[in-house]
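Engineer: Could you have a look at this structure, given as structure tokens, before my questions?
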Amino acid sequence: MSVTFVDLFKIIISAAFIENILLARYIGLCPYIGMSTNISNSLGMGMAVAFVMVLSSIVTWGLWNYIFIPLRLEYLRIMVFILVIAVLVQLVEILLKKNLPNLYRAMGIYLPLITTNCAILAVTFFGIDYNYNLLQVVIYSISVALGFTVATVLLAGIREKLRYAKVPNFYRGYPMAFIVTALLAIAFIGFKGLIK
Amino acid sequence: MKQFWFYFKNGIIGENPVLRLMIGLCSVLAVSVKVENCLAMGAAVIFVLTCSSIVISLLRKGIPDQVRIPIFIVVISTFTTIVDLVMKAYLPSLSKAMGVFIPLIVVNCIIMARAEAFASRKPLLPSIADALGMGIGYTLVITAIGVVRELFGYGSILSIPLLPETYQNMMFMILPPGAFLLIGIYIGVLNHVSRRTNK
């Protein structure tokens, strides 16, 4: 099965914008709402998510195609995938701390949070459900992470400005963040129909 | 018994997981297009939450502190797998409508948070009360959102048409923005009400 460049481009656009994991599929909202208080935090989070997402999709893809399917262990998918992600996050944290202290300082504090980020687990499921090959899975997970980062950074930017806006007292903080998200989601609906 | 009710109510009102603790949001927004889905999701969450709380509470003295998170994950994912497979077998259409969100119960922060903060520290009975309270609190919020979305989005509740036929379905409510807007309004209103009553 050969994959043309156009196919990959379609995956990128649809994963990052049309089917944006946060604004169109409602996955991974907890870190999105929790971490988007300023732009540098949300960039760090986005980087950490991208890193773990690509790594875990590759590992789970390999496990699924070379171990689970031949041995007919499909029913163990949920349990094994979440454990693989948890172990992977721990490993990445230890390795980064030891070998790349600079990178660790930039995204280290976000790593433990990522284990329970449903976006990671969901992407590993989607990659398998869509029957992607390895290259497609890699491209797909990078673009989902890109979409995640774009959405978080956008919200963070708006929330930084919101601090100076006159918002009714009981709508400060989370309620306003959700209402802004609703407006962002309307904007993202505009991407629909970009790919036939 | 008094204590049981205290923990039970705490989950529904005092520390409602969705509106107060801001956890478990993904499935609330994604599934709440129809009331039917909301009730099924609520039942699934109550089942997983209660069963895993019971197991973790019973095992709490035997679990070493360093490896508690992986053990919680194994327990929670066991019950999630049960729900997933049972729904696929007996309620295939509902299972299809909820898609990836049934397996995603395993990373629903409510369950992990209650295991970590409550069930691993308290005896069996309070843990059950807490799990039921939190589960019902979750179900109430998700249904409250589902009622509004289904009524305005499809003109019906539980697939029973309620609005006159001339009513134009409000697509906005079925699409993601409607969900985000509604939950924002709910949290704001709850903030307002609780501040009034605290004064």
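Letters for chains follow the order of the structure tokens (A, B, ...), residue numbers begin at 1 for each chain, and ligand numbers begin at 1 in the order shown.
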Do me a favour and pick out the residues of chain B within 9 Å of chain A, using only C-alpha atoms, as a count of residues only.
Structural biologist: 47
Engineer: Env of A:Ala145: 9 Å cut, atoms = only C-alpha atoms, seq-sep filter 4 positions within chain, self excluded. Answer as a list of chain:residue names.
Structural biologist: A:Ala15, A:Ala16, A:Ile21, A:Gly46, A:Met47, A:Val49, A:Ala50, A:Phe51, A:Met53, A:Val54, A:Ala119, A:Tyr140, A:Ser141, A:Thr149, A:Val150
Engineer: Please write the residues from the selection above to a file, keeping N, CA and C atoms, as a PDB file, in the first residue's frame.
Structural biologist:
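Final file, out.pdb:
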ATOM      1  N   ALA A  15      -6.456  16.413  10.593  1.00  0.00           N
ATOM      2  CA  ALA A  15      -6.183  16.142  12.006  1.00  0.00           C
ATOM      3  C   ALA A  15      -5.930  17.430  12.780  1.00  0.00           C
ATOM      4  N   ALA A  16      -5.246  18.392  12.137  1.00  0.00           N
ATOM      5  CA  ALA A  16      -4.874  19.590  12.886  1.00  0.00           C
ATOM      6  C   ALA A  16      -5.998  20.609  12.946  1.00  0.00           C
ATOM      7  N   ILE A  21      -8.589  18.141  17.730  1.00  0.00           N
ATOM      8  CA  ILE A  21      -8.899  17.218  18.815  1.00  0.00           C
ATOM      9  C   ILE A  21      -9.616  17.895  19.970  1.00  0.00           C
ATOM     10  N   GLY A  46       2.200  21.958  24.922  1.00  0.00           N
ATOM     11  CA  GLY A  46       2.017  21.456  23.569  1.00  0.00           C
ATOM     12  C   GLY A  46       3.211  20.631  23.113  1.00  0.00           C
ATOM     13  N   MET A  47       4.422  21.110  23.454  1.00  0.00           N
ATOM     14  CA  MET A  47       5.630  20.399  23.066  1.00  0.00           C
ATOM     15  C   MET A  47       5.670  19.021  23.723  1.00  0.00           C
ATOM     16  N   VAL A  49       3.169  17.297  24.883  1.00  0.00           N
ATOM     17  CA  VAL A  49       2.127  16.437  24.324  1.00  0.00           C
ATOM     18  C   VAL A  49       2.576  15.856  22.990  1.00  0.00           C
ATOM     19  N   ALA A  50       3.167  16.704  22.131  1.00  0.00           N
ATOM     20  CA  ALA A  50       3.603  16.227  20.823  1.00  0.00           C
ATOM     21  C   ALA A  50       4.606  15.088  20.976  1.00  0.00           C
ATOM     22  N   PHE A  51       5.555  15.288  21.853  1.00  0.00           N
ATOM     23  CA  PHE A  51       6.620  14.314  22.079  1.00  0.00           C
ATOM     24  C   PHE A  51       6.044  12.965  22.506  1.00  0.00           C
ATOM     25  N   MET A  53       2.946  11.963  22.390  1.00  0.00           N
ATOM     26  CA  MET A  53       1.938  11.448  21.479  1.00  0.00           C
ATOM     27  C   MET A  53       2.581  10.645  20.349  1.00  0.00           C
ATOM     28  N   VAL A  54       3.622  11.209  19.742  1.00  0.00           N
ATOM     29  CA  VAL A  54       4.284  10.519  18.630  1.00  0.00           C
ATOM     30  C   VAL A  54       4.898   9.209  19.122  1.00  0.00           C
ATOM     31  N   ALA A 119      -6.181  12.730  25.367  1.00  0.00           N
ATOM     32  CA  ALA A 119      -5.821  12.913  23.965  1.00  0.00           C
ATOM     33  C   ALA A 119      -4.808  11.860  23.514  1.00  0.00           C
ATOM     34  N   TYR A 140       0.015  11.554  11.453  1.00  0.00           N
ATOM     35  CA  TYR A 140      -1.261  11.833  12.115  1.00  0.00           C
ATOM     36  C   TYR A 140      -1.044  12.348  13.528  1.00  0.00           C
ATOM     37  N   SER A 141      -0.169  11.672  14.298  1.00  0.00           N
ATOM     38  CA  SER A 141      -0.030  12.095  15.696  1.00  0.00           C
ATOM     39  C   SER A 141       0.665  13.453  15.785  1.00  0.00           C
ATOM     40  N   THR A 149      -1.772  22.162  20.165  1.00  0.00           N
ATOM     41  CA  THR A 149      -0.981  23.329  20.554  1.00  0.00           C
ATOM     42  C   THR A 149      -1.615  24.616  20.039  1.00  0.00           C
ATOM     43  N   VAL A 150      -2.056  24.609  18.779  1.00  0.00           N
ATOM     44  CA  VAL A 150      -2.668  25.818  18.213  1.00  0.00           C
ATOM     45  C   VAL A 150      -3.855  26.251  19.070  1.00  0.00           C
TER      46      VAL A 150
END
Engineer: For a quick check of understanding, using only C-alpha atoms, which of B:Met171, B:Lys88, B:Val141, B:Pro123 has the smallest distance to B:Gly153?
Structural biologist: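 So, comparing all the options, the nearest one is B:Met171.
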Engineer: Among chain B, which ones does DSSP place in strand (DSSP E or B), written as JSON, numbers by chain?
Structural biologist: {"B": [156, 157, 160, 161]}
Engineer: Would you pick out the contacts of stretch 47-61 of chain B at 9 Å or less, using only C-alpha atoms, so that residues sharing its chain but fewer than 3 positions from it are not included, and give the list as a ChimeraX atom specification?
Structural biologist: /B:42-44,64,71-72,75-80,82-83,105-106,110-112,114-115,118-125,127-132,134-135
Engineer: Can you pull out every residue within 6 Å of A:Ser36, counting only C-alpha atoms, but drop anything in the same chain fewer than 6 positions away, and send it as a VMD selection string?
Structural biologist: chain A and resid 42 152 156
Engineer: Residues at most 8 Å from stretch 156-170 of chain B, counting only C-alpha atoms, excluding those fewer than 5 positions away in the same chain, as a ChimeraX atom specification?
Structural biologist: /B:34-36,147,150-151
Engineer: Can those selected residues be exported to a file as an mmCIF file, in the first residue's frame so that it contains C-alpha atoms?
Structural biologist:
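See again-v3.cif below for the written result:
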data_model
loop_
_atom_site.group_PDB
_atom_site.id
_atom_site.type_symbol
_atom_site.label_atom_id
_atom_site.label_comp_id
_atom_site.auth_asym_id
_atom_site.auth_seq_id
_atom_site.Cartn_x
_atom_site.Cartn_y
_atom_site.Cartn_z
ATOM 1 C CA LYS B 34 -28.821 13.148 23.366
ATOM 2 C CA VAL B 35 -30.310 12.365 26.768
ATOM 3 C CA GLU B 36 -30.226 8.639 26.020
ATOM 4 C CA VAL B 147 -31.683 17.872 28.015
ATOM 5 C CA GLU B 150 -31.397 17.574 22.638
ATOM 6 C CA LEU B 151 -34.421 19.841 23.136
#
Engineer: Applying 7 Å and only C-alpha atoms, which residues near B:Gly137 remain after dropping the ones on its own chain fewer than 5 positions away? List them as a VMD selection string.
Structural biologist: chain B and resid 11 to 12 16 to 17
Engineer: Keeping C-alpha atoms for every residue in the selection just given, could you write it to a file as a PDB file, in the first residue's frame?
Structural biologist:
ATOM      1  CA  GLY B  11     -20.264  14.346  45.544  1.00  0.00           C
ATOM      2  CA  ILE B  12     -23.564  15.634  44.242  1.00  0.00           C
ATOM      3  CA  ASN B  16     -19.617  18.164  42.122  1.00  0.00           C
ATOM      4  CA  PRO B  17     -16.882  16.612  39.968  1.00  0.00           C
TER       5      PRO B  17
END
